[in-house]
file query_12.cif (mmCIF, C-alpha atoms and all ligand atoms)
data_target
#
loop_
_atom_site.label_atom_id
_atom_site.label_comp_id
_atom_site.auth_asym_id
_atom_site.auth_seq_id
_atom_site.Cartn_x
_atom_site.Cartn_y
_atom_site.Cartn_z
CA MET A 135 -10.50 13.75 4.86
CA ARG A 136 -7.58 16.02 4.11
CA ILE A 137 -6.36 16.72 0.59
CA ASN A 138 -2.99 18.40 0.17
CA VAL A 139 -1.71 19.41 -3.22
CA LEU A 140 2.07 19.59 -3.32
CA LYS A 141 4.23 21.23 -5.95
CA ASP A 142 5.83 18.07 -7.33
CA TYR A 143 6.71 14.43 -6.69
CA GLU A 144 9.70 15.30 -4.48
CA THR A 145 7.67 17.59 -2.22
CA LEU A 146 4.85 15.05 -2.04
CA SER A 147 7.31 12.32 -1.09
CA ARG A 148 8.92 14.50 1.60
CA SER A 149 5.52 15.27 3.08
CA ALA A 150 4.49 11.59 3.06
CA ALA A 151 7.81 10.52 4.60
CA ASP A 152 7.28 13.07 7.40
CA ILE A 153 3.86 11.59 8.17
CA LEU A 154 5.32 8.07 8.36
CA LEU A 155 8.19 9.36 10.47
CA SER A 156 5.84 11.00 12.99
CA THR A 157 3.81 7.80 13.17
CA VAL A 158 6.88 5.84 14.25
CA LYS A 159 8.06 8.56 16.65
CA GLU A 160 4.65 8.65 18.30
CA ASN A 161 4.36 4.88 18.50
CA PRO A 162 7.53 2.78 18.22
CA LYS A 163 5.22 -0.28 18.16
CA ALA A 164 3.28 0.98 15.14
CA ALA A 165 1.80 -1.44 12.63
CA ILE A 166 2.04 -0.07 9.11
CA ILE A 167 0.41 -1.30 5.91
CA ILE A 168 2.68 -0.79 2.94
CA ALA A 169 1.63 -0.45 -0.69
CA THR A 170 4.28 -0.90 -3.35
CA GLY A 171 4.56 0.49 -6.90
CA SER A 172 6.29 3.56 -8.30
CA THR A 173 4.36 6.24 -6.37
CA PRO A 174 5.66 5.63 -2.81
CA THR A 175 9.24 4.67 -3.66
CA LEU A 176 10.85 8.03 -2.88
CA THR A 177 8.65 8.36 0.22
CA TYR A 178 9.99 5.08 1.60
CA GLN A 179 13.57 5.98 0.70
CA LEU A 180 13.32 9.29 2.56
CA TRP A 181 11.49 7.73 5.50
CA VAL A 182 14.01 4.91 5.92
CA ARG A 183 16.93 7.30 5.51
CA ASP A 184 15.55 9.55 8.27
CA LEU A 185 14.72 6.66 10.60
CA LEU A 186 18.32 5.51 10.35
CA ALA A 187 19.88 8.99 10.48
CA GLN A 188 17.85 9.91 13.56
CA ASN A 189 18.45 6.54 15.25
CA ILE A 190 14.73 6.00 15.70
CA PRO A 191 14.12 2.49 17.03
CA THR A 192 12.34 0.24 14.53
CA ASP A 193 12.66 -3.11 16.27
CA ASN A 194 9.08 -3.05 17.52
CA LEU A 195 7.42 -2.00 14.29
CA THR A 196 5.21 -4.34 12.29
CA ILE A 197 5.14 -4.01 8.52
CA ILE A 198 2.12 -5.43 6.70
CA LYS A 199 2.29 -6.09 2.98
CA LEU A 200 -0.86 -4.74 1.33
CA ASP A 201 -0.98 -7.13 -1.60
CA GLU A 202 0.94 -9.48 -3.83
CA TRP A 203 1.13 -10.81 -7.37
CA GLY A 204 -0.01 -14.44 -7.04
CA GLY A 205 1.99 -16.99 -9.01
CA LEU A 206 5.38 -15.26 -9.06
CA PRO A 207 8.14 -16.76 -6.90
CA MET A 208 8.58 -14.69 -3.73
CA ASP A 209 12.07 -13.55 -4.76
CA HIS A 210 11.03 -12.51 -8.28
CA PRO A 211 12.14 -8.93 -8.98
CA SER A 212 8.52 -7.86 -9.64
CA THR A 213 6.96 -9.02 -6.37
CA CYS A 214 5.72 -6.65 -3.70
CA GLU A 215 7.83 -8.81 -1.38
CA THR A 216 11.05 -7.94 -3.22
CA TYR A 217 10.05 -4.27 -3.26
CA ILE A 218 9.40 -4.12 0.50
CA ARG A 219 12.56 -6.05 1.33
CA THR A 220 14.62 -3.77 -0.91
CA TYR A 221 13.28 -0.42 0.26
CA ILE A 222 12.23 -1.07 3.87
CA PHE A 223 12.92 -4.47 5.41
CA ASP A 224 16.60 -4.92 4.50
CA PRO A 225 17.82 -1.34 5.11
CA LEU A 226 16.07 -1.27 8.51
CA LYS A 227 17.35 -4.79 9.30
CA LEU A 228 13.91 -5.88 10.47
CA ARG A 229 13.25 -9.38 11.80
CA GLU A 230 10.98 -11.85 9.98
CA ASP A 231 8.52 -11.70 12.88
CA GLN A 232 8.04 -7.99 12.17
CA PHE A 233 6.64 -8.70 8.71
CA ILE A 234 3.10 -9.85 7.96
CA SER A 235 3.31 -10.88 4.36
CA PHE A 236 1.19 -12.81 1.89
CA GLN A 237 3.03 -15.70 0.24
CA SER A 238 3.02 -15.22 -3.53
CA GLN A 239 2.70 -18.94 -4.31
CA PRO A 240 0.56 -20.32 -1.48
CA GLU A 241 -0.71 -23.87 -1.88
CA VAL A 242 -4.23 -22.73 -1.06
CA PRO A 243 -4.55 -18.98 -1.63
CA GLU A 244 -7.81 -18.75 0.37
CA GLN A 245 -6.06 -20.26 3.40
CA GLU A 246 -3.26 -17.77 2.99
CA CYS A 247 -5.88 -15.01 3.21
CA LEU A 248 -7.20 -16.52 6.46
CA ARG A 249 -3.69 -16.75 7.88
CA ILE A 250 -3.04 -13.07 7.14
CA ALA A 251 -6.44 -12.06 8.55
CA GLN A 252 -5.62 -13.91 11.77
CA GLU A 253 -2.18 -12.33 12.06
CA ILE A 254 -3.71 -8.89 11.62
CA GLN A 255 -6.40 -9.67 14.21
CA ARG A 256 -3.68 -10.32 16.76
CA LEU A 257 -2.34 -6.75 16.38
CA ARG A 258 -3.49 -4.12 18.84
CA SER A 259 -4.24 -1.73 16.01
CA ILE A 260 -3.10 -0.67 12.58
CA ASP A 261 -1.58 2.79 12.91
CA ILE A 262 -1.23 3.83 9.30
CA CYS A 263 -1.93 2.43 5.87
CA ALA A 264 0.05 3.79 2.91
CA LEU A 265 -1.79 3.41 -0.39
CA GLY A 266 -1.42 4.28 -4.05
CA ILE A 267 -4.26 4.52 -6.56
CA GLY A 268 -4.35 2.28 -9.63
CA LYS A 269 -5.06 3.88 -12.99
CA ASN A 270 -8.32 1.89 -13.01
CA GLY A 271 -9.19 3.04 -9.48
CA HIS A 272 -8.00 -0.04 -7.65
CA LEU A 273 -6.77 0.15 -4.05
CA GLY A 274 -4.36 -2.67 -3.33
CA PHE A 275 -5.86 -5.34 -5.58
CA ASN A 276 -9.39 -4.32 -4.73
CA GLU A 277 -10.32 -4.10 -8.39
CA PRO A 278 -13.41 -2.45 -9.90
CA SER A 279 -16.30 -4.80 -9.13
CA ASP A 280 -20.03 -4.95 -8.34
CA THR A 281 -19.48 -5.34 -4.61
CA TRP A 282 -17.16 -3.95 -1.95
CA SER A 283 -14.60 -6.33 -0.50
CA THR A 284 -14.12 -6.75 3.23
CA VAL A 285 -11.52 -9.25 4.46
CA PRO A 286 -8.26 -10.34 2.75
CA PHE A 287 -9.16 -12.16 -0.45
CA VAL A 288 -7.95 -13.69 -3.71
CA ALA A 289 -8.56 -11.20 -6.51
CA THR A 290 -9.09 -11.69 -10.21
CA LEU A 291 -6.80 -9.14 -11.77
CA THR A 292 -8.01 -6.87 -14.53
CA LYS A 293 -6.16 -6.42 -17.81
CA GLU A 294 -5.14 -2.92 -16.67
CA SER A 295 -3.58 -4.27 -13.48
CA LEU A 296 -1.76 -7.02 -15.38
CA GLY A 297 -0.23 -4.21 -17.42
CA HIS A 298 1.20 -2.61 -14.25
CA ASP A 299 4.74 -1.29 -14.63
CA MET A 300 5.90 -3.52 -11.76
CA LEU A 301 5.49 -6.55 -14.03
CA GLN A 302 7.67 -4.99 -16.73
CA GLY A 303 5.55 -6.28 -19.57
CA ASP A 304 5.50 -9.92 -18.42
CA SER A 305 2.38 -10.97 -16.58
CA SER A 306 2.51 -14.54 -17.89
CA LYS A 307 3.20 -16.10 -14.47
CA VAL A 308 0.69 -13.97 -12.55
CA THR A 309 -2.47 -15.99 -12.06
CA PHE A 310 -4.24 -13.99 -9.34
CA GLY A 311 -3.85 -11.12 -6.92
CA ILE A 312 -3.94 -11.51 -3.16
CA THR A 313 -4.82 -8.46 -1.13
CA LEU A 314 -6.12 -6.95 2.05
CA GLY A 315 -9.78 -6.02 1.73
CA LEU A 316 -11.31 -2.63 2.33
CA ASN A 317 -12.40 -3.36 5.91
CA THR A 318 -8.79 -3.95 6.95
CA ILE A 319 -7.75 -0.76 5.18
CA ARG A 320 -10.59 1.18 6.83
CA GLN A 321 -9.63 -0.16 10.24
CA SER A 322 -6.31 1.77 10.09
CA LYS A 323 -6.17 4.78 12.35
CA HIS A 324 -4.77 6.86 9.51
CA ILE A 325 -4.91 6.22 5.77
CA LEU A 326 -2.24 7.95 3.71
CA VAL A 327 -2.93 7.95 -0.02
CA LEU A 328 -0.46 9.19 -2.63
CA ALA A 329 -0.96 9.98 -6.29
CA ASN A 330 1.28 11.82 -8.68
CA GLY A 331 1.68 12.49 -12.38
CA THR A 332 -0.61 12.96 -15.36
CA ALA A 333 -1.41 9.23 -15.52
CA LYS A 334 -3.46 9.70 -12.32
CA THR A 335 -5.26 12.97 -13.19
CA ASP A 336 -8.46 11.35 -14.47
CA ILE A 337 -8.78 8.64 -11.86
CA VAL A 338 -8.18 11.09 -9.00
CA ASN A 339 -10.97 13.24 -10.38
CA THR A 340 -13.33 10.26 -10.78
CA ALA A 341 -12.51 8.89 -7.34
CA LEU A 342 -13.08 12.18 -5.54
CA ARG A 343 -15.83 13.80 -7.60
CA GLY A 344 -17.73 10.80 -8.93
CA PRO A 345 -20.17 8.51 -7.10
CA VAL A 346 -18.92 6.27 -4.31
CA THR A 347 -19.13 2.88 -5.98
CA PRO A 348 -17.22 -0.41 -6.02
CA ARG A 349 -16.83 0.19 -9.78
CA CYS A 350 -14.19 2.67 -8.64
CA PRO A 351 -12.77 1.32 -5.36
CA ALA A 352 -10.78 4.51 -4.74
CA SER A 353 -14.08 6.40 -4.48
CA ILE A 354 -14.36 4.93 -0.96
CA LEU A 355 -11.75 7.51 0.03
CA GLN A 356 -14.55 10.11 0.00
CA GLU A 357 -16.02 8.37 3.05
CA LEU A 358 -12.86 8.07 5.12
CA PRO A 359 -12.54 10.89 7.68
CA ASN A 360 -9.10 9.67 8.76
CA MET A 361 -7.62 9.84 5.27
CA THR A 362 -4.87 12.14 4.03
CA LEU A 363 -4.54 12.35 0.27
CA LEU A 364 -1.32 13.86 -1.03
CA LEU A 365 -1.34 14.85 -4.69
CA ASP A 366 1.12 16.62 -6.89
CA GLN A 367 -0.11 19.39 -9.17
CA GLU A 368 -0.41 17.07 -12.17
CA ALA A 369 -2.55 14.48 -10.40
CA SER A 370 -4.83 17.21 -9.02
CA ALA A 371 -5.18 19.10 -12.32
CA LYS A 372 -8.88 18.25 -12.86
CA LEU A 373 -10.12 18.66 -9.29
C1 LIG A 401 0.76 -2.12 -5.06
C2 LIG A 401 -0.65 -1.68 -4.97
C3 LIG A 401 -1.28 -0.99 -6.13
C4 LIG A 401 -0.60 0.34 -6.44
C5 LIG A 401 -1.29 1.04 -7.61
C6 LIG A 401 -0.53 2.29 -8.04
O1 LIG A 401 1.14 -2.72 -3.83
O2 LIG A 401 -1.28 -1.88 -3.99
O3 LIG A 401 -2.63 -0.78 -5.81
O4 LIG A 401 -0.63 1.16 -5.30
O5 LIG A 401 -1.39 0.19 -8.70
O6 LIG A 401 0.71 1.89 -8.54
P1 LIG A 401 1.82 2.94 -8.94
O7 LIG A 401 2.22 3.64 -7.68
O8 LIG A 401 2.95 2.15 -9.51
O9 LIG A 401 1.18 3.87 -9.93
#
call {"tool": "encode", "arguments": {"input": "query_12.cif", "output": "C-alpha cells"}}
result
Amino acid sequence: MRINVLKDYETLSRSAADILLSTVKENPKAAIIIATGSTPTLTYQLWVRDLLAQNIPTDNLTIIKLDEWGGLPMDHPSTCETYIRTYIFDPLKLREDQFISFQSQPEVPEQECLRIAQEIQRLRSIDICALGIGKNGHLGFNEPSDTWSTVPFVATLTKESLGHDMLQGDSSKVTFGITLGLNTIRQSKHILVLANGTAKTDIVNTALRGPVTPRCPASILQELPNMTLLLDQEASAKL
C-alpha cells in the first residue's frame, strides 16, 4: 500500500487524475469503478478534461458505478447515476454499453445485484477502482457491520450515510443502498482511495491505525497491497 500526502485538495486531485489518465493510456480497454461524492469531483473534471484535450480514445473503456441510492429516480439530481453522467459519461460521449450501472429503483434489488455481478464477471479484469471514504468508515455502501461483504448487495444505510451531502438534507425517498461488495473492490488491479479535509481526519486515522474490522470497512485498506491512498494535509493530520 502506498500513502501519499499532498499539500491540498487541488494537488491531490491532480495526482489522482494523473493516475486515472495513465490507466487509460496503458489500457484503452480499461474497466474503471467510479465512486461519487464530493471528494473525487475535481479529479474527474481534470481527468476528463485531459482525456479530451489529449485526444485519448475512450470508446473502449468500461465505467462501473460503485453504488447507488436505492429508491430515488435514476435522473434525480442526487443519484450517483446523475453524478457520473454529468462528470464523466456525457462529456466523454460514452455509449450505454460502456456503463455498468445499478438501477436505483429496481423491481427486485437482489436481482439487480446479480445482474451487476454477472456483467462484471464478463469483464476481463477491473483495472482501477476509485474510492472515497465515508465519515463512518464506509467504502461504497459497505457500511460498518459485524461481517465483511463480498458480492454486490443491498445495503441498509446508516443514519450517517443518510445524512450524506449528496442527498442535500432529503433522504426521505432513499430506502436502501445498492453497492459493489468488498470482493469486487479487492479484485481491481489498482485501488485508488482519496480523502481530503478535516471531516476525514479521524476516520483516516481509525482506518489506518486501528484494527482491521468490518466495524470500520475502510480498515480493509490496510490489507490491500495494490492500494494507493492520496490524502491532503488535513485528512492526514492525525497519522
Ligand atoms: C459514493 C460512495 C461513498 C463516498 C463516501 C465519501 O459513491 O461510494 O462511499 O465515497 O461517502 O463521500 P464524500 O466524497 O462526499 O465525502
call {"tool": "closest_residue", "arguments": {"input": "query_12.cif", "among": "A:Arg148, A:His324, A:His272, A:Lys199", "to": "Val182 of chain A", "atoms": "all atoms listed in the file"}}
result
A:Arg148
call {"tool": "axis_aligned_box", "arguments": {"input": "query_12.cif", "around": "ligand LIG 401 (chain A)", "padding_each_side": "5 Å", "output": "AutoDock Vina command-line options"}}
result
--center_x 0.2 --center_y 0.6 --center_z -6.9 --size_x 15.6 --size_y 16.6 --size_z 16.1
call {"tool": "atom_distance", "arguments": {"input": "query_12.cif", "atom1": "atom CA of Leu155 of chain A", "atom2": "atom CA of Asn360 of chain A"}}
result
17.4 Å
call {"tool": "closest_atom_pairs", "arguments": {"input": "query_12.cif", "of": "chain A", "to": "ligand LIG 401 (chain A)", "cutoff": "10 Å", "atoms": "only C-alpha atoms and all ligand atoms", "output": "tab-separated table"}}
result
residue	atom	partner	partner_atom	distance
A:Ile167	CA	A:LIG401	O1	9.9
A:Ile168	CA	A:LIG401	O1	7.2
A:Ala169	CA	A:LIG401	O1	3.9
A:Thr170	CA	A:LIG401	O1	3.7
A:Gly171	CA	A:LIG401	O8	3.5
A:Ser172	CA	A:LIG401	O8	3.8
A:Thr173	CA	A:LIG401	O7	3.6
A:Pro174	CA	A:LIG401	O7	6.3
A:Thr175	CA	A:LIG401	O7	8.2
A:Lys199	CA	A:LIG401	O1	7.7
A:Leu200	CA	A:LIG401	O1	5.9
A:Asp201	CA	A:LIG401	O1	5.4
A:Glu202	CA	A:LIG401	O1	6.8
A:Trp203	CA	A:LIG401	O1	8.8
A:Thr213	CA	A:LIG401	O1	8.9
A:Cys214	CA	A:LIG401	O1	6.0
A:Glu215	CA	A:LIG401	O1	9.4
A:Tyr217	CA	A:LIG401	O1	9.1
A:Ile218	CA	A:LIG401	O1	9.4
A:Ala264	CA	A:LIG401	O4	8.6
A:Leu265	CA	A:LIG401	O4	5.5
A:Gly266	CA	A:LIG401	O4	3.5
A:Ile267	CA	A:LIG401	C6	4.6
A:Gly268	CA	A:LIG401	O5	3.7
A:Lys269	CA	A:LIG401	O5	6.7
A:Asn270	CA	A:LIG401	O5	8.3
A:Gly271	CA	A:LIG401	O5	8.3
A:His272	CA	A:LIG401	O3	5.7
A:Leu273	CA	A:LIG401	O3	4.6
A:Gly274	CA	A:LIG401	O2	3.2
A:Phe275	CA	A:LIG401	O3	5.6
A:Asn276	CA	A:LIG401	O3	7.7
A:Glu277	CA	A:LIG401	O3	8.8
A:Glu294	CA	A:LIG401	O5	9.3
A:Ser295	CA	A:LIG401	O5	6.9
A:Leu296	CA	A:LIG401	O5	9.8
A:Gly297	CA	A:LIG401	O5	9.8
A:His298	CA	A:LIG401	O5	6.7
A:Asp299	CA	A:LIG401	O8	6.4
A:Met300	CA	A:LIG401	O8	6.8
A:Thr313	CA	A:LIG401	O2	8.0
A:Leu314	CA	A:LIG401	O2	9.3
A:Val327	CA	A:LIG401	O4	8.9
A:Leu328	CA	A:LIG401	O7	8.0
A:Ala329	CA	A:LIG401	O7	7.2
A:Asn330	CA	A:LIG401	O9	8.0
A:Gly331	CA	A:LIG401	O9	9.0
A:Ala333	CA	A:LIG401	O9	8.2
A:Lys334	CA	A:LIG401	O9	7.8
A:Ala352	CA	A:LIG401	O3	9.8
call {"tool": "write_last_selection", "arguments": {"input": "query_12.cif", "atoms": "C-alpha atoms", "output": "compact mmCIF listing (two decimals), in the coordinates of the input"}}
result
# COMPACT_ATOMS: atom_id res chain seq x y z
CA ILE A 167 0.41 -1.30 5.91
CA ILE A 168 2.68 -0.79 2.94
CA ALA A 169 1.63 -0.45 -0.69
CA THR A 170 4.28 -0.90 -3.35
CA GLY A 171 4.56 0.49 -6.90
CA SER A 172 6.29 3.56 -8.30
CA THR A 173 4.36 6.24 -6.37
CA PRO A 174 5.66 5.63 -2.81
CA THR A 175 9.24 4.67 -3.66
CA LYS A 199 2.29 -6.09 2.98
CA LEU A 200 -0.86 -4.74 1.33
CA ASP A 201 -0.98 -7.13 -1.60
CA GLU A 202 0.94 -9.48 -3.83
CA TRP A 203 1.13 -10.81 -7.37
CA THR A 213 6.96 -9.02 -6.37
CA CYS A 214 5.72 -6.65 -3.70
CA GLU A 215 7.83 -8.81 -1.38
CA TYR A 217 10.05 -4.27 -3.26
CA ILE A 218 9.40 -4.12 0.50
CA ALA A 264 0.05 3.79 2.91
CA LEU A 265 -1.79 3.41 -0.39
CA GLY A 266 -1.42 4.28 -4.05
CA ILE A 267 -4.26 4.52 -6.56
CA GLY A 268 -4.35 2.28 -9.63
CA LYS A 269 -5.06 3.88 -12.99
CA ASN A 270 -8.32 1.89 -13.01
CA GLY A 271 -9.19 3.04 -9.48
CA HIS A 272 -8.00 -0.04 -7.65
CA LEU A 273 -6.77 0.15 -4.05
CA GLY A 274 -4.36 -2.67 -3.33
CA PHE A 275 -5.86 -5.34 -5.58
CA ASN A 276 -9.39 -4.32 -4.73
CA GLU A 277 -10.32 -4.10 -8.39
CA GLU A 294 -5.14 -2.92 -16.67
CA SER A 295 -3.58 -4.27 -13.48
CA LEU A 296 -1.76 -7.02 -15.38
CA GLY A 297 -0.23 -4.21 -17.42
CA HIS A 298 1.20 -2.61 -14.25
CA ASP A 299 4.74 -1.29 -14.63
CA MET A 300 5.90 -3.52 -11.76
CA THR A 313 -4.82 -8.46 -1.13
CA LEU A 314 -6.12 -6.95 2.05
CA VAL A 327 -2.93 7.95 -0.02
CA LEU A 328 -0.46 9.19 -2.63
CA ALA A 329 -0.96 9.98 -6.29
CA ASN A 330 1.28 11.82 -8.68
CA GLY A 331 1.68 12.49 -12.38
CA ALA A 333 -1.41 9.23 -15.52
CA LYS A 334 -3.46 9.70 -12.32
CA ALA A 352 -10.78 4.51 -4.74
call {"tool": "closest_atom_pairs", "arguments": {"input": "query_12.cif", "of": "segment 262-309 of chain A", "to": "segment 236-244 of chain A", "cutoff": "9 Å", "atoms": "only C-alpha atoms", "output": "tab-separated table"}}
result
residue	atom	partner	partner_atom	distance
A:Pro286	CA	A:Glu244	CA	8.8
A:Phe287	CA	A:Glu244	CA	6.8
A:Val288	CA	A:Glu244	CA	6.5
call {"tool": "write_last_selection", "arguments": {"input": "query_12.cif", "atoms": "C-alpha atoms", "output": "PDB file, keeping the file's coordinate frame"}}
result
ATOM      1  CA  PRO A 286      -8.260 -10.340   2.750  1.00  0.00           C
ATOM      2  CA  PHE A 287      -9.160 -12.160  -0.450  1.00  0.00           C
ATOM      3  CA  VAL A 288      -7.950 -13.690  -3.710  1.00  0.00           C
TER       4      VAL A 288
END
